[in-house]
Amino acid sequence: MPDSQPQPSHSSSGPSGSSGSSGPADPAALLLCGARLTDGRTVDVRLGGGRIEAVGTAGSLATDATRVCGARVDLSGYLLLPAPAEPHTHSDTALSAENGGPVSYDPQDVQRRATEAALLQLGHGATAQRAHVRVGDVQGLSALAAVLRARRALRGLAELTAVAMPRLLTGVAGADGLAMLRDALKMGASVVGGCPDLDPDPTGYVEAVLEVAAEHGCPVDLHTDAADPTRLARLAAVAGGMRPGVTLGPCGGLGRLPADTVTRIADQLAAAGVTVVCLPQGGCGGVDRRGTAPVRLLRSAGVQVAAGSGALRDVSNPVGRGDPLEAAYLLASRHGMRPEDAYDTVSSSARAALGLPEVRVEAGFPAELLAVRGDRLAGALSLAYSRIVVHRGRVVARTSAVREYCNTAAGSELGLPRQGRGELS
């Protein structure tokens with residue numbers, strides 16, 4: 001279950017950054033030194049107990065005599081951000097594009113792919129991930145069981161939650177799907193999902209999902225192209241006020257509807273508290289993969305919009321990267337969003353879509369952080385090669401990139417880093 005909303009601690013975020021406490025050193029504590037924030041400040045950040053204990057000006061916490069940290073990480077030259085979250089991935093089919101032929105649902109294959117995919121996305125910075133897993137049909141519940149085993153193996157590295165996705169829920173054929181959906185929740189799936197667009201009775205499918213979710217107190221996360229305004233209006237009407245919440249994605253069909261229709265739908269979704277997850281890097285199986293939801297219009301109407309990765313190198317997108325920062329980059333470069341707003345869709349809004357507490361680089365908030373080489377957010381979204389990922393207050397992943405140039409007059413004039421050995425031929 002998500003943590004409770006963070007409460008401010010007694011630590012100061014002013015120049016001293018001192019917590020005012022004394023006592024033995026915490027061996028699990030971590031001090032992040034010399035990190036740059038998006039507001040331009042350079043700070044030290046002390047972590048402990050899975051949370052941010054204090055934020056102070058650079059050098060202030062390192063000399064704080066009241067507390068000795070167990071370890072230090074030099075973040076000079078890095079921009080420190082709230083960690084991204086991944087609200088829409090497909091662990092059961094991830095990394096299957098290169099195998100050729102039908103996707104293997106052998107439990108060992110699914111568990112291996114799900115684990116590798118989660119670690120890949122963790123390396124990009126996503127410390128929390130929501131995996132949409134198909135149940136029923138040929139694979140039954142075996143794929144879900146494999147993803148849940150991967151979740152247990154990843155404990156302490158990343159938070160992986162599973163969405164159960166039955167294919168049919170209405171009519172005679174849907175009876176088995178309903179039974180399997182309930183079994184999936186008993187097994188450990190924590191979100192009720194599916195794709196109403198594939199059912200002969202999409203409205204009935206949505207009603208069945210909402211009923212099961214209400215029975216179990218689970219959130220809902222549905223795949224839909226969202227190209228039918230009447231169907232969306234009905235969904236908004238029945239989902240309004242439902243807790244712990246309803247999410248729709250990728251909703252690419254909204255971008256193909258008339259502007260006045262989209263505006264009306266956006267107002268309805270906002271009033272109902274429905275979250276939209278768009279997939280700017282490409283779609284996923286089960287829905288039309290053309291286009292991205294009109295994120296700026298939805299946000300202006302008050303709809304909470306998050307961005308996900310979708311397919312990760314499976315048949316739907318054989319080159320999918322699963323990188324939240326690329327999703328933010330595409331929203332900024334193709335859809336005209338400010339870098340700050342684009343990053344919000346993969347961080348704060350994505351965490352909210354998953355029911356997770358807010359993260360800020362301030363005392364008292366969860367220590368879920370991403371350090372990216374660079375000093376401005378726009379540059380980080382453009383060239384985010386080197387990254388350090390912090391989950392529950394400890395470094396869980398590092399990616400380092402080194403770029404060097406051969407010895408040239410241009411390189412010498414600009415002070416570019418030279419190759420350590422030899423020259424390019």
# chains A, B, ... in the order shown; residues from 1 in each chain; ligands from 1

call {"tool": "residues_around", "arguments": {"residues": "Ala126 of chain A", "least_positions_apart": "2", "cutoff": "9 Å", "atoms": "only C-alpha atoms", "output": "PyMOL selection string"}}
result
chain A and resi 83-86+118+121-124+128-129+158+323-324+346-347+370+389

call {"tool": "write_last_selection", "arguments": {"atoms": "C-alpha atoms", "output": "PDB file, in the first residue's frame"}}
result
ATOM      1  CA  ALA A  83      12.183  10.298  -9.089  1.00  0.00           C
ATOM      2  CA  PRO A  84       9.912   9.435 -12.016  1.00  0.00           C
ATOM      3  CA  ALA A  85       7.276   6.725 -11.799  1.00  0.00           C
ATOM      4  CA  GLU A  86       6.107   4.434 -14.596  1.00  0.00           C
ATOM      5  CA  ALA A 118      11.793  -3.493 -14.351  1.00  0.00           C
ATOM      6  CA  GLN A 121      13.253   1.132 -16.173  1.00  0.00           C
ATOM      7  CA  LEU A 122      14.712   1.503 -12.693  1.00  0.00           C
ATOM      8  CA  GLY A 123      18.032   2.430 -14.291  1.00  0.00           C
ATOM      9  CA  HIS A 124      16.189   5.198 -16.121  1.00  0.00           C
ATOM     10  CA  ALA A 128       7.701   2.791  -8.896  1.00  0.00           C
ATOM     11  CA  GLN A 129       6.154   0.925 -11.819  1.00  0.00           C
ATOM     12  CA  ALA A 158      11.763  -0.884  -7.080  1.00  0.00           C
ATOM     13  CA  ASP A 323      12.466   5.813 -20.370  1.00  0.00           C
ATOM     14  CA  PRO A 324      10.307   8.360 -18.490  1.00  0.00           C
ATOM     15  CA  VAL A 346       6.328  11.464 -15.410  1.00  0.00           C
ATOM     16  CA  SER A 347       7.014  12.375 -11.783  1.00  0.00           C
ATOM     17  CA  LEU A 370      16.854  10.962  -9.509  1.00  0.00           C
ATOM     18  CA  VAL A 389      18.697   6.622  -8.762  1.00  0.00           C
TER      19      VAL A 389
END

call {"tool": "select_by_dssp", "arguments": {"residues": "segment 170-364 of chain A", "states": "strand (DSSP E or B)", "output": "list in words"}}
result
Val191, Val192, Gly193, Gly194, Val220, Asp221, Leu222, His223, Thr224, Val246, Thr247, Leu248, Gly249, Pro250, Thr275, Val276, Val277, Cys278, Val305, Ala306, Ala307, Gly310, Asp314 and Asn317 of chain A

call {"tool": "residues_around", "arguments": {"residues": "Gln281 of chain A", "least_positions_apart": "3", "cutoff": "10 Å", "atoms": "only C-alpha atoms", "output": "NGL selection string"}}
result
:A and (278 or 284 or 291-292 or 307-312 or 317 or 319-324 or 326-331)

call {"tool": "residues_around", "arguments": {"residues": "Met165 of chain A", "least_positions_apart": "3", "cutoff": "10 Å", "atoms": "only C-alpha atoms", "output": "list in words"}}
result
His132, Val133, Arg134, Val135, Gly136, Leu144, Ala162, Leu168, Gly177, Met180, Leu181, Ala184, Ala189, Val191, Val192, Gly193, Gly194, Cys195, Val209, Asp221, Leu222 and His223 of chain A

call {"tool": "closest_residue", "arguments": {"among": "A:His335, A:Arg376, A:Arg392, A:Arg46", "to": "Ala62 of chain A", "atoms": "only C-alpha atoms"}}
result
A:Arg46

call {"tool": "atom_distance", "arguments": {"atom1": "atom CA of Leu154 of chain A", "atom2": "atom CA of Gly50 of chain A"}}
result
16.7 Å

call {"tool": "atom_distance", "arguments": {"atom1": "atom CA of Gly204 of chain A", "atom2": "atom CA of Ala271 of chain A"}}
result
22.2 Å

call {"tool": "decode", "arguments": {"residues": "segment 112-146 of chain A", "atoms": "N, CA, C and O atoms", "output": "tab-separated table (two decimals), in the first residue's frame"}}
result
chain	number	residue	atom	x	y	z
A	112	ARG	N	11.65	-13.75	-16.14
A	112	ARG	CA	12.95	-13.19	-16.53
A	112	ARG	C	12.76	-11.86	-17.25
A	112	ARG	O	13.44	-10.88	-16.95
A	113	ARG	N	11.83	-11.82	-18.22
A	113	ARG	CA	11.60	-10.58	-18.97
A	113	ARG	C	11.08	-9.48	-18.06
A	113	ARG	O	11.49	-8.32	-18.17
A	114	ALA	N	10.14	-9.82	-17.16
A	114	ALA	CA	9.56	-8.81	-16.27
A	114	ALA	C	10.63	-8.24	-15.35
A	114	ALA	O	10.65	-7.02	-15.10
A	115	THR	N	11.51	-9.08	-14.85
A	115	THR	CA	12.57	-8.61	-13.96
A	115	THR	C	13.54	-7.71	-14.72
A	115	THR	O	13.91	-6.63	-14.24
A	116	GLU	N	13.96	-8.16	-15.91
A	116	GLU	CA	14.90	-7.38	-16.71
A	116	GLU	C	14.29	-6.04	-17.09
A	116	GLU	O	14.96	-4.99	-17.05
A	117	ALA	N	13.02	-6.05	-17.48
A	117	ALA	CA	12.35	-4.80	-17.87
A	117	ALA	C	12.26	-3.85	-16.70
A	117	ALA	O	12.48	-2.63	-16.84
A	118	ALA	N	11.90	-4.36	-15.53
A	118	ALA	CA	11.79	-3.49	-14.35
A	118	ALA	C	13.14	-2.88	-13.98
A	118	ALA	O	13.22	-1.70	-13.62
A	119	LEU	N	14.21	-3.67	-14.08
A	119	LEU	CA	15.54	-3.13	-13.77
A	119	LEU	C	15.97	-2.10	-14.81
A	119	LEU	O	16.63	-1.11	-14.48
A	120	LEU	N	15.61	-2.34	-16.07
A	120	LEU	CA	15.93	-1.37	-17.12
A	120	LEU	C	15.25	-0.04	-16.83
A	120	LEU	O	15.86	1.04	-16.90
A	121	GLN	N	13.98	-0.09	-16.47
A	121	GLN	CA	13.25	1.13	-16.17
A	121	GLN	C	13.72	1.77	-14.87
A	121	GLN	O	13.73	3.00	-14.75
A	122	LEU	N	14.13	0.96	-13.91
A	122	LEU	CA	14.71	1.50	-12.69
A	122	LEU	C	15.99	2.27	-13.01
A	122	LEU	O	16.23	3.35	-12.46
A	123	GLY	N	16.82	1.73	-13.90
A	123	GLY	CA	18.03	2.43	-14.29
A	123	GLY	C	17.75	3.77	-14.92
A	123	GLY	O	18.56	4.71	-14.80
A	124	HIS	N	16.60	3.90	-15.57
A	124	HIS	CA	16.19	5.20	-16.12
A	124	HIS	C	15.70	6.14	-15.03
A	124	HIS	O	15.63	7.35	-15.27
A	125	GLY	N	15.33	5.60	-13.88
A	125	GLY	CA	14.90	6.46	-12.78
A	125	GLY	C	13.55	6.10	-12.17
A	125	GLY	O	13.17	6.66	-11.15
A	126	ALA	N	12.80	5.19	-12.78
A	126	ALA	CA	11.45	4.88	-12.31
A	126	ALA	C	11.50	3.94	-11.12
A	126	ALA	O	11.65	2.72	-11.28
A	127	THR	N	11.36	4.47	-9.92
A	127	THR	CA	11.43	3.65	-8.72
A	127	THR	C	10.10	2.99	-8.39
A	127	THR	O	10.05	2.10	-7.55
A	128	ALA	N	9.02	3.41	-9.04
A	128	ALA	CA	7.70	2.79	-8.90
A	128	ALA	C	7.15	2.53	-10.28
A	128	ALA	O	7.22	3.39	-11.16
A	129	GLN	N	6.60	1.33	-10.49
A	129	GLN	CA	6.15	0.93	-11.82
A	129	GLN	C	4.84	0.16	-11.72
A	129	GLN	O	4.66	-0.65	-10.80
A	130	ARG	N	3.95	0.42	-12.67
A	130	ARG	CA	2.68	-0.31	-12.74
A	130	ARG	C	2.69	-1.17	-14.00
A	130	ARG	O	2.78	-0.65	-15.11
A	131	ALA	N	2.58	-2.49	-13.82
A	131	ALA	CA	2.63	-3.43	-14.94
A	131	ALA	C	1.23	-3.93	-15.27
A	131	ALA	O	0.51	-4.44	-14.39
A	132	HIS	N	0.85	-3.79	-16.52
A	132	HIS	CA	-0.43	-4.31	-17.00
A	132	HIS	C	-0.21	-5.73	-17.52
A	132	HIS	O	0.59	-5.94	-18.44
A	133	VAL	N	-0.92	-6.71	-16.94
A	133	VAL	CA	-0.67	-8.12	-17.22
A	133	VAL	C	-1.96	-8.78	-17.69
A	133	VAL	O	-3.00	-8.68	-17.01
A	134	ARG	N	-1.89	-9.47	-18.81
A	134	ARG	CA	-3.07	-10.16	-19.32
A	134	ARG	C	-3.37	-11.41	-18.51
A	134	ARG	O	-2.46	-12.17	-18.16
A	135	VAL	N	-4.65	-11.60	-18.22
A	135	VAL	CA	-5.09	-12.82	-17.54
A	135	VAL	C	-6.16	-13.47	-18.41
A	135	VAL	O	-6.88	-12.80	-19.14
A	136	GLY	N	-6.26	-14.80	-18.32
A	136	GLY	CA	-7.20	-15.53	-19.15
A	136	GLY	C	-6.55	-15.99	-20.44
A	136	GLY	O	-5.33	-15.96	-20.60
A	137	ASP	N	-7.37	-16.42	-21.40
A	137	ASP	CA	-6.89	-16.92	-22.68
A	137	ASP	C	-5.88	-18.05	-22.45
A	137	ASP	O	-6.00	-18.82	-21.51
A	138	VAL	N	-4.84	-18.11	-23.28
A	138	VAL	CA	-3.88	-19.22	-23.22
A	138	VAL	C	-3.09	-19.21	-21.92
A	138	VAL	O	-2.84	-20.24	-21.30
A	139	GLN	N	-2.67	-18.02	-21.49
A	139	GLN	CA	-1.78	-17.94	-20.34
A	139	GLN	C	-2.47	-18.10	-19.00
A	139	GLN	O	-1.80	-18.28	-17.97
A	140	GLY	N	-3.80	-18.00	-18.97
A	140	GLY	CA	-4.49	-18.13	-17.69
A	140	GLY	C	-3.98	-17.11	-16.69
A	140	GLY	O	-3.94	-15.92	-16.96
A	141	LEU	N	-3.58	-17.60	-15.53
A	141	LEU	CA	-3.02	-16.74	-14.49
A	141	LEU	C	-1.51	-16.92	-14.33
A	141	LEU	O	-0.90	-16.34	-13.43
A	142	SER	N	-0.90	-17.71	-15.23
A	142	SER	CA	0.52	-18.02	-15.07
A	142	SER	C	1.40	-16.79	-15.30
A	142	SER	O	2.42	-16.61	-14.62
A	143	ALA	N	1.04	-15.94	-16.27
A	143	ALA	CA	1.84	-14.74	-16.51
A	143	ALA	C	1.78	-13.80	-15.31
A	143	ALA	O	2.79	-13.22	-14.91
A	144	LEU	N	0.60	-13.66	-14.73
A	144	LEU	CA	0.47	-12.81	-13.55
A	144	LEU	C	1.30	-13.37	-12.40
A	144	LEU	O	2.00	-12.63	-11.70
A	145	ALA	N	1.26	-14.69	-12.19
A	145	ALA	CA	2.04	-15.30	-11.12
A	145	ALA	C	3.53	-15.03	-11.32
A	145	ALA	O	4.27	-14.76	-10.37
A	146	ALA	N	3.98	-15.07	-12.58
A	146	ALA	CA	5.39	-14.82	-12.87
A	146	ALA	C	5.77	-13.37	-12.58
A	146	ALA	O	6.84	-13.09	-12.04
